[in-house]
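Asker: Structure: final09.pdb, PDB, C-alpha atoms.
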ATOM      1  CA  MET V  27      52.394 -19.508   1.288
ATOM      2  CA  VAL V  28      51.457 -17.053  -1.468
ATOM      3  CA  ARG V  29      50.895 -19.987  -3.787
ATOM      4  CA  LEU V  30      48.569 -21.655  -1.252
ATOM      5  CA  VAL V  31      46.500 -18.481  -0.771
ATOM      6  CA  SER V  32      46.180 -18.054  -4.541
ATOM      7  CA  THR V  33      45.036 -21.672  -4.885
ATOM      8  CA  ILE V  34      42.393 -21.208  -2.167
ATOM      9  CA  ALA V  35      41.142 -17.978  -3.744
ATOM     10  CA  LEU V  36      40.917 -19.634  -7.151
ATOM     11  CA  SER V  37      39.067 -22.652  -5.716
ATOM     12  CA  PHE V  38      36.594 -20.361  -3.966
ATOM     13  CA  ALA V  39      36.051 -18.326  -7.133
ATOM     14  CA  ILE V  40      35.285 -21.478  -9.114
ATOM     15  CA  SER V  41      32.838 -22.781  -6.484
ATOM     16  CA  LEU V  42      31.109 -19.404  -6.244
ATOM     17  CA  SER V  43      30.620 -19.356  -9.983
ATOM     18  CA  ALA V  44      28.813 -22.689  -9.822
ATOM     19  CA  VAL V  45      26.266 -21.706  -7.163
ATOM     20  CA  SER V  46      25.918 -17.968  -7.468
ATOM     21  CA  ALA V  47      23.806 -15.760  -9.694
ATOM     22  CA  TRP V  48      26.942 -13.673 -10.168
ATOM     23  CA  THR V  49      29.937 -14.582 -12.315
ATOM     24  CA  THR V  50      33.510 -14.490 -11.033
ATOM     25  CA  VAL V  51      36.618 -13.226 -12.790
ATOM     26  CA  PRO V  52      37.130 -13.247 -15.687
ATOM     27  CA  SER V  53      33.600 -12.258 -16.739
ATOM     28  CA  PHE V  54      32.927 -11.262 -20.313
ATOM     29  CA  THR V  55      29.241 -12.220 -20.266
ATOM     30  CA  LEU V  56      28.524  -9.537 -17.660
ATOM     31  CA  ARG V  57      30.045  -6.714 -19.684
ATOM     32  CA  ARG V  58      27.573  -3.953 -20.486
ATOM     33  CA  SER V  59      27.598  -0.177 -20.350
ATOM     34  CA  LEU V  60      26.391   1.771 -17.331
ATOM     35  CA  HIS V  61      23.759   3.379 -19.513
ATOM     36  CA  ASN V  62      22.300   0.062 -20.602
ATOM     37  CA  SER V  63      22.458  -1.432 -17.104
ATOM     38  CA  VAL V  64      20.200   1.317 -15.805
ATOM     39  CA  LYS V  65      17.760   1.621 -18.686
ATOM     40  CA  SER V  66      17.232  -1.982 -19.741
ATOM     41  CA  SER V  67      16.391  -5.128 -17.796
ATOM     42  CA  THR V  68      19.429  -7.137 -16.783
ATOM     43  CA  SER V  69      19.777 -10.709 -17.940
ATOM     44  CA  LEU V  70      21.247 -11.779 -14.609
ATOM     45  CA  PRO V  71      19.004 -14.155 -12.618
ATOM     46  CA  MET V  72      18.703 -12.956  -9.027
ATOM     47  CA  ALA V  73      19.454 -15.699  -6.503
ATOM     48  CA  LEU V  74      18.277 -13.665  -3.508
ATOM     49  CA  ASP V  75      14.854 -12.646  -2.269
ATOM     50  CA  TYR V  76      15.137  -9.037  -1.108
ATOM     51  CA  ASN V  77      11.876  -9.421   0.821
ATOM     52  CA  ASP V  78      13.781 -11.753   3.138
ATOM     53  CA  PRO V  79      14.713  -9.886   6.374
ATOM     54  CA  VAL V  80      18.212 -11.430   6.414
ATOM     55  CA  VAL V  81      18.906 -10.245   2.871
ATOM     56  CA  ALA V  82      17.339  -6.822   3.467
ATOM     57  CA  GLU V  83      19.459  -6.348   6.605
ATOM     58  CA  GLU V  84      22.706  -7.100   4.767
ATOM     59  CA  PHE V  85      21.657  -4.883   1.854
ATOM     60  CA  GLY V  86      21.066  -2.042   4.339
ATOM     61  CA  LYS V  87      24.605  -2.412   5.672
ATOM     62  CA  ILE V  88      26.214  -2.408   2.246
ATOM     63  CA  GLN V  89      24.244   0.364   0.549
ATOM     64  CA  PRO V  90      26.082   3.301   2.257
ATOM     65  CA  MET V  91      29.453   1.901   1.096
ATOM     66  CA  SER V  92      31.252   3.584  -1.794
ATOM     67  CA  TYR V  93      31.940   1.880  -5.118
ATOM     68  CA  GLU V  94      35.624   1.602  -4.217
ATOM     69  CA  GLU V  95      34.915   0.030  -0.814
ATOM     70  CA  VAL V  96      32.601  -2.565  -2.341
ATOM     71  CA  GLU V  97      35.061  -3.375  -5.115
ATOM     72  CA  GLU V  98      37.924  -3.750  -2.630
ATOM     73  CA  GLU V  99      35.987  -6.170  -0.398
ATOM     74  CA  LEU V 100      35.020  -8.286  -3.395
ATOM     75  CA  MET V 101      38.615  -8.385  -4.634
ATOM     76  CA  MET V 102      39.847  -9.449  -1.183
ATOM     77  CA  SER V 103      37.785 -12.622  -1.685
ATOM     78  CA  GLY V 104      39.091 -13.109  -5.213
ATOM     79  CA  VAL V 105      35.794 -12.102  -6.799
ATOM     80  CA  ARG V 106      34.924  -9.303  -9.200
ATOM     81  CA  GLY V 107      32.380  -8.472 -11.841
ATOM     82  CA  SER V 108      32.784  -6.803 -15.189
ATOM     83  CA  PRO V 109      34.497  -3.393 -15.166
ATOM     84  CA  ASP V 110      31.300  -2.050 -16.742
ATOM     85  CA  MET V 111      28.996  -3.175 -13.907
ATOM     86  CA  ASN V 112      27.378  -0.259 -12.118
ATOM     87  CA  GLU V 113      27.577   0.475  -8.410
ATOM     88  CA  MET V 114      24.278  -1.219  -7.530
ATOM     89  CA  ASP V 115      25.257  -4.398  -9.388
ATOM     90  CA  LEU V 116      28.452  -4.653  -7.334
ATOM     91  CA  LYS V 117      26.595  -4.025  -4.084
ATOM     92  CA  LEU V 118      24.121  -6.807  -4.830
ATOM     93  CA  MET V 119      27.052  -9.079  -5.643
ATOM     94  CA  LEU V 120      28.612  -8.252  -2.270
ATOM     95  CA  VAL V 121      25.315  -8.963  -0.467
ATOM     96  CA  GLU V 122      25.276 -12.461  -1.923
ATOM     97  CA  LEU V 123      28.971 -13.012  -1.236
ATOM     98  CA  ARG V 124      28.690 -12.004   2.420
ATOM     99  CA  LEU V 125      25.652 -14.221   2.980
ATOM    100  CA  MET V 126      27.410 -17.173   1.384
ATOM    101  CA  LEU V 127      30.590 -16.717   3.421
ATOM    102  CA  SER V 128      28.676 -16.320   6.688
ATOM    103  CA  GLY V 129      26.420 -19.318   6.008
ATOM    104  CA  ARG V 130      23.296 -17.139   6.113
ATOM    105  CA  MET V 131      22.171 -17.659   2.532
ATOM    106  CA  PRO V 132      18.357 -18.061   2.721
ATOM    107  CA  GLY V 133      17.193 -21.571   1.760
ATOM    108  CA  LYS V 134      14.434 -22.286  -0.705
ATOM    109  CA  ASN V 135      12.448 -24.143   1.934
ATOM    110  CA  SER V 136      12.796 -21.622   4.731
ATOM    111  CA  SER V 137       9.959 -21.256   7.220
ATOM    112  CA  ALA V 138       7.384 -18.487   7.092
ATOM    113  CA  LYS V 139       8.952 -15.066   7.433
ATOM    114  CA  LYS V 140       8.538 -13.341  10.784
ATOM    115  CA  LYS V 141       8.175  -9.604  11.089
ATOM    116  CA  PRO V 142      11.397  -8.238  12.648
ATOM    117  CA  ASP V 143      11.304  -6.322  15.926
ATOM    118  CA  THR V 144      13.391  -3.544  14.380
ATOM    119  CA  TYR V 145      14.167  -2.656  10.774
ATOM    120  CA  SER V 146      17.641  -2.396   9.291
ATOM    121  CA  SER V 147      16.608   0.091   6.590
ATOM    122  CA  LYS V 148      13.722   2.185   5.296
ATOM    123  CA  PHE V 149      13.384  -0.282   2.452
ATOM    124  CA  GLU V 150      12.847  -3.218   4.799
ATOM    125  CA  GLU V 151      10.396  -1.191   6.867
ATOM    126  CA  ALA V 152       8.343  -0.298   3.779
ATOM    127  CA  LEU V 153       8.130  -3.947   2.721
ATOM    128  CA  TRP V 154       6.506  -4.788   6.053
ATOM    129  CA  GLU V 155       4.567  -1.605   6.824
ATOM    130  CA  LYS V 156       3.449  -0.279   3.427
ATOM    131  CA  PRO V 157       1.284  -2.860   1.610
ATOM    132  CA  LYS V 158       0.943  -0.746  -1.541
ATOM    133  CA  PHE V 159       4.701  -0.421  -1.853
ATOM    134  CA  LYS V 160       5.100  -4.167  -1.386
ATOM    135  CA  GLU V 161       2.569  -4.716  -4.194
ATOM    136  CA  ILE V 162       4.667  -2.552  -6.516
ATOM    137  CA  TYR V 163       7.904  -4.282  -5.533
ATOM    138  CA  ASP V 164       6.428  -7.778  -5.845
ATOM    139  CA  ALA V 165       5.055  -6.908  -9.297
ATOM    140  CA  LEU V 166       8.537  -5.799 -10.428
ATOM    141  CA  LYS V 167       9.976  -8.984  -9.002
ATOM    142  CA  ALA V 168       7.402 -11.128 -10.821
ATOM    143  CA  LYS V 169       8.331  -9.448 -14.114
ATOM    144  CA  GLY V 170      12.019  -9.976 -13.483
ATOM    145  CA  ASP V 171      12.642  -6.214 -13.669
ATOM    146  CA  HIS V 172      15.680  -6.213 -11.398
ATOM    147  CA  ASN V 173      16.833  -2.723 -12.332
ATOM    148  CA  SER V 174      13.517  -1.250 -11.187
ATOM    149  CA  GLN V 175      13.726  -3.312  -7.981
ATOM    150  CA  ASN V 176      17.148  -1.804  -7.326
ATOM    151  CA  VAL V 177      15.848   1.695  -8.011
ATOM    152  CA  ALA V 178      12.898   1.162  -5.647
ATOM    153  CA  ALA V 179      15.175  -0.056  -2.854
ATOM    154  CA  GLU V 180      17.602   2.818  -3.277
ATOM    155  CA  TYR V 181      14.762   5.350  -3.421
ATOM    156  CA  LEU V 182      13.517   4.173  -0.028
ATOM    157  CA  ASN V 183      16.957   4.280   1.587
ATOM    158  CA  GLN V 184      18.463   7.291  -0.184
ATOM    159  CA  PRO V 185      15.645   9.259  -1.859
ATOM    160  CA  ASP V 186      17.687  12.351  -2.736
ATOM    161  CA  VAL V 187      20.475  10.328  -4.348
ATOM    162  CA  ALA V 188      17.994   8.118  -6.200
ATOM    163  CA  LYS V 189      16.135  11.133  -7.605
ATOM    164  CA  LEU V 190      19.359  12.517  -9.045
ATOM    165  CA  ARG V 191      20.328   9.178 -10.575
ATOM    166  CA  TYR V 192      16.987   7.894 -11.795
ATOM    167  CA  GLY V 193      14.603  10.877 -11.767
ATOM    168  CA  LYS V 194      14.257  11.001 -15.549
ATOM    169  CA  GLU V 195      14.350   7.343 -16.585
ATOM    170  CA  TYR V 196      12.187   6.131 -13.692
ATOM    171  CA  SER V 197       9.976   9.148 -12.959
ATOM    172  CA  SER V 198       6.787   7.085 -13.284
ATOM    173  CA  LEU V 199       8.041   4.419 -10.874
ATOM    174  CA  LEU V 200       9.145   7.002  -8.307
ATOM    175  CA  SER V 201       5.745   8.706  -8.509
ATOM    176  CA  ASP V 202       3.997   5.376  -7.964
ATOM    177  CA  ILE V 203       6.201   4.702  -4.947
ATOM    178  CA  ASP V 204       5.424   8.126  -3.472
ATOM    179  CA  ALA V 205       1.706   7.424  -3.797
ATOM    180  CA  ALA V 206       2.109   3.956  -2.294
ATOM    181  CA  LEU V 207       3.940   5.270   0.754
ATOM    182  CA  ILE V 208       1.108   7.624   1.708
ATOM    183  CA  ALA V 209      -1.743   5.297   0.726
ATOM    184  CA  VAL V 210      -4.076   4.590   3.624
ATOM    185  CA  LYS V 211      -4.798   0.948   4.321
ATOM    186  CA  GLU V 212      -8.478   0.004   4.353
ATOM    187  CA  VAL V 213      -9.884   0.142   7.889
ATOM    188  CA  THR V 214     -11.144  -3.344   8.705
ATOM    189  CA  SER V 215     -10.802  -3.468  12.489
ATOM    190  CA  PRO V 216     -11.240  -1.133  15.480
ATOM    191  CA  THR V 217      -7.520  -1.412  16.309
ATOM    192  CA  VAL V 218      -5.160   1.310  15.108
ATOM    193  CA  THR V 219      -1.409   1.664  15.513
ATOM    194  CA  PHE V 220      -0.036   5.162  15.970
ATOM    195  CA  LYS V 221       3.393   6.775  15.797
ATOM    196  CA  GLY V 222       4.518  10.381  16.005
ATOM    197  CA  PHE V 223       2.656  12.100  18.838
ATOM    198  CA  PRO V 224       5.161  14.268  20.789
ATOM    199  CA  ALA V 225       6.618  12.490  23.818
ATOM    200  CA  ASN V 226       5.854  15.463  26.065
ATOM    201  CA  MET V 227       2.144  14.728  25.658
ATOM    202  CA  GLY V 228       2.641  11.712  27.887
ATOM    203  CA  GLU V 229       0.517   8.576  27.853
ATOM    204  CA  ALA V 230      -2.444  10.305  29.524
ATOM    205  CA  GLY V 231      -2.456  13.204  27.052
ATOM    206  CA  CYS V 232      -2.192  10.871  24.060
ATOM    207  CA  ARG V 233      -5.051   8.711  25.306
ATOM    208  CA  MET V 234      -7.235  11.751  25.953
ATOM    209  CA  THR V 235      -6.591  13.007  22.409
ATOM    210  CA  LEU V 236      -7.582   9.717  20.796
ATOM    211  CA  GLU V 237     -10.465   9.100  23.184
ATOM    212  CA  ALA V 238     -12.142  12.290  21.953
ATOM    213  CA  LEU V 239     -12.958  10.371  18.745
ATOM    214  CA  GLY V 240     -14.642   7.375  20.385
ATOM    215  CA  GLU V 241     -14.715   5.011  23.336
ATOM    216  CA  ILE V 242     -11.416   3.175  23.888
ATOM    217  CA  GLU V 243     -11.372  -0.470  24.936
ATOM    218  CA  ASP V 244      -7.603  -1.002  25.011
ATOM    219  CA  PHE V 245      -4.614   1.343  24.867
ATOM    220  CA  GLU V 246      -0.827   0.825  24.678
ATOM    221  CA  CYS V 247       1.661   3.680  24.564
ATOM    222  CA  ASN V 248       5.464   3.935  24.829
ATOM    223  CA  GLU V 249       8.157   6.463  24.028
ATOM    224  CA  SER V 250      10.284   5.630  20.983
ATOM    225  CA  ASP V 251      13.902   4.608  21.612
ATOM    226  CA  ASP V 252      15.029   6.624  18.588
ATOM    227  CA  PHE V 253      13.007   9.860  18.676
ATOM    228  CA  PRO V 254      11.074  11.935  21.263
ATOM    229  CA  ILE V 255       7.748  10.603  20.018
ATOM    230  CA  LEU V 256       5.087   8.209  21.227
ATOM    231  CA  VAL V 257       4.274   4.907  19.551
ATOM    232  CA  GLY V 258       1.519   2.492  20.413
ATOM    233  CA  LYS V 259      -1.821   0.916  19.672
ATOM    234  CA  VAL V 260      -5.414   1.830  20.442
ATOM    235  CA  THR V 261      -8.521  -0.335  20.158
ATOM    236  CA  TYR V 262     -11.840   1.481  19.836
ATOM    237  CA  GLY V 263     -15.287   0.163  20.582
ATOM    238  CA  ASP V 264     -16.174   0.208  16.868
ATOM    239  CA  ILE V 265     -14.619   0.507  13.414
ATOM    240  CA  GLU V 266     -16.169   3.917  12.739
ATOM    241  CA  SER V 267     -14.209   5.467  15.603
ATOM    242  CA  ALA V 268     -11.022   3.909  14.207
ATOM    243  CA  LYS V 269     -11.770   5.453  10.805
ATOM    244  CA  LYS V 270     -12.303   8.872  12.421
ATOM    245  CA  ALA V 271      -8.955   8.662  14.200
ATOM    246  CA  ILE V 272      -7.117   7.797  10.997
ATOM    247  CA  ASP V 273      -8.919  10.496   8.993
ATOM    248  CA  GLN V 274      -8.243  13.070  11.700
ATOM    249  CA  TYR V 275      -4.587  12.445  12.463
ATOM    250  CA  ASN V 276      -2.841  10.320   9.842
ATOM    251  CA  GLY V 277      -0.302  12.488   8.016
ATOM    252  CA  MET V 278      -0.684  15.458  10.373
ATOM    253  CA  ASP V 279       2.511  17.414  11.079
ATOM    254  CA  MET V 280       2.983  17.723  14.842
ATOM    255  CA  GLY V 281       6.005  20.009  14.551
ATOM    256  CA  MET V 282       8.521  17.254  15.284
ATOM    257  CA  GLY V 283       9.840  17.012  11.734
ATOM    258  CA  GLN V 284       7.808  13.843  11.285
ATOM    259  CA  SER V 285       4.181  13.332  10.345
ATOM    260  CA  LEU V 286       1.797  11.265  12.427
ATOM    261  CA  GLU V 287       1.238   7.728  11.190
ATOM    262  CA  LEU V 288      -2.001   5.941  12.055
ATOM    263  CA  GLU V 289      -2.879   2.643  10.429
ATOM    264  CA  SER V 290      -5.554  -0.005  10.801
ATOM    265  CA  VAL V 291      -4.345  -3.461  11.881
TER
END
Any chance you could give the structure as structure tokens?
Answerer:
Amino acid sequence: MVRLVSTIALSFAISLSAVSAWTTVPSFTLRRSLHNSVKSSTSLPMALDYNDPVVAEEFGKIQPMSYEEVEEELMMSGVRGSPDMNEMDLKLMLVELRLMLSGRMPGKNSSAKKKPDTYSSKFEEALWEKPKFKEIYDALKAKGDHNSQNVAAEYLNQPDVAKLRYGKEYSSLLSDIDAALIAVKEVTSPTVTFKGFPANMGEAGCRMTLEALGEIEDFECNESDDFPILVGKVTYGDIESAKKAIDQYNGMDMGMGQSLELESV
């Protein structure tokens, strides 16, 4: 029985090596120091598109795991990287392994991506909701700068941890990301989404507040399932009123520990 399990594990390891961007045991080509893996671009080709919602969701599940937990799960499948691979490298390896085993590996000819109803992580949310951040991330991807992509993803999901790890080497990137996250999208329509008004305002109070800036043609408002805040969409009679609403309220602290977010759509 033990012999059969070992044979299966070995067969899987060999097949994974043939189709994966990651190398199975033994792996001497992946050996590099932690210092170099953070500061210089990796030579590993990335098989996954981290803009893909399926990939981003799995990455969000794995990121809170410890190094030891990730290593143990990989070893249970007979797969490991170099002992010198850093924590993020192993996590990305596990993302790919899980997708392969579950048959969810995104295909090259997949259909157009659909915006998810809910987000699995702050990173995934930023890719969909923050165009300037997506521009930065796509530029890193185009250059093949996978280390910076990893830093950007971790900074969105665990900003305090990422600052401690990468604050010196990637200070410029982190500053660019901060600016991208608060950048206001150009107002090109009279419709504005909003998020963050206190729930105790109620729909009527929220509408009255926004209506003070211009005539409203359409209004949708609901209470968030996660926080005591209101989320919704308002359509003004003209673009100028939409601009006033964004200028007036976007970024304002309403005392709920979260700033208001208003964005043109």
Asker: One number please: atom CA of V:Tyr145 to atom CA of V:Asp252, in Å, one decimal.
Answerer: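 Here the two named atoms are 12.2 Å from each other.
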Asker: Specify as number ranges by chain each residue included when the PyMOL selection byres ((chain V and resi 229-245) around 12) is applied to this file.
Answerer: V: 216-228, 246-249, 255-276, 288
Asker: Neighbouring residues of V:Leu199 were defined as those with any atom within 12 Å, considering all atoms listed in the file; residues of the same chain fewer than 4 positions away were excluded. Please report them as a PDB file with C-alpha atoms, in the frame of the given file.
Answerer:
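Everything below was put into out.pdb:
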ATOM      1  CA  PHE V 159       4.701  -0.421  -1.853  1.00  0.00           C
ATOM      2  CA  ILE V 162       4.667  -2.552  -6.516  1.00  0.00           C
ATOM      3  CA  TYR V 163       7.904  -4.282  -5.533  1.00  0.00           C
ATOM      4  CA  ALA V 165       5.055  -6.908  -9.297  1.00  0.00           C
ATOM      5  CA  LEU V 166       8.537  -5.799 -10.428  1.00  0.00           C
ATOM      6  CA  ASP V 171      12.642  -6.214 -13.669  1.00  0.00           C
ATOM      7  CA  ASN V 173      16.833  -2.723 -12.332  1.00  0.00           C
ATOM      8  CA  SER V 174      13.517  -1.250 -11.187  1.00  0.00           C
ATOM      9  CA  GLN V 175      13.726  -3.312  -7.981  1.00  0.00           C
ATOM     10  CA  ASN V 176      17.148  -1.804  -7.326  1.00  0.00           C
ATOM     11  CA  VAL V 177      15.848   1.695  -8.011  1.00  0.00           C
ATOM     12  CA  ALA V 178      12.898   1.162  -5.647  1.00  0.00           C
ATOM     13  CA  ALA V 179      15.175  -0.056  -2.854  1.00  0.00           C
ATOM     14  CA  TYR V 181      14.762   5.350  -3.421  1.00  0.00           C
ATOM     15  CA  ALA V 188      17.994   8.118  -6.200  1.00  0.00           C
ATOM     16  CA  LYS V 189      16.135  11.133  -7.605  1.00  0.00           C
ATOM     17  CA  TYR V 192      16.987   7.894 -11.795  1.00  0.00           C
ATOM     18  CA  GLY V 193      14.603  10.877 -11.767  1.00  0.00           C
ATOM     19  CA  LYS V 194      14.257  11.001 -15.549  1.00  0.00           C
ATOM     20  CA  GLU V 195      14.350   7.343 -16.585  1.00  0.00           C
ATOM     21  CA  ILE V 203       6.201   4.702  -4.947  1.00  0.00           C
ATOM     22  CA  ASP V 204       5.424   8.126  -3.472  1.00  0.00           C
ATOM     23  CA  ALA V 205       1.706   7.424  -3.797  1.00  0.00           C
ATOM     24  CA  ALA V 206       2.109   3.956  -2.294  1.00  0.00           C
TER      25      ALA V 206
END
Asker: Using all atoms listed in the file, determine which residues lie at most 8 Å from V:Leu123, disregarding the query and same-chain residues fewer than 4 positions distant; provide the list as number ranges by chain.
Answerer: V: 100, 119, 127
Asker: Running the PyMOL selection byres ((chain V and resi 121) around 12) on this model by hand, what would come out? Give it as JSON, numbers by chain.
Answerer: {"V": [46, 47, 48, 72, 73, 74, 75, 76, 80, 81, 82, 83, 84, 85, 86, 87, 88, 89, 91, 96, 99, 100, 114, 115, 116, 117, 118, 119, 120, 122, 123, 124, 125, 126, 127, 128, 130, 131, 132]}
Asker: Considering only C-alpha atoms, state which residue in the set V:Val105, V:Glu113, V:Pro185, V:Val213 is at the smallest distance from V:Ser201.
Answerer: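 Closest residue, counting only C-alpha atoms: V:Pro185.
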Asker: What lies within 12 Å of V:Glu161 using all atoms listed in the file, ignoring chain neighbours under 3 positions off, as a PyMOL selection string?
Answerer: chain V and resi 77+152-158+164-168+175+178+202-203+206-207+209
Asker: Centre and edge lengths, as JSON, for the axis-aligned box enclosing every listed atom of stretch 206-213 of chain V with 4 Å of padding on each of the six sides, in Å to one decimal?
Answerer:
{"center_x": -3.0, "center_y": 3.8, "center_z": 2.8, "size_x": 21.8, "size_y": 15.6, "size_z": 18.2}
Asker: What gap, in Å, lies between atom CA of V:Gln184 and atom CA of V:Pro90?
Answerer: 8.9 Å
Asker: Quick one, how far is atom CA of V:Asp251 from atom CA of V:Ile208?
Answerer: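 About the pair atom CA of V:Asp251 and atom CA of V:Ile208: they are 23.9 Å apart.
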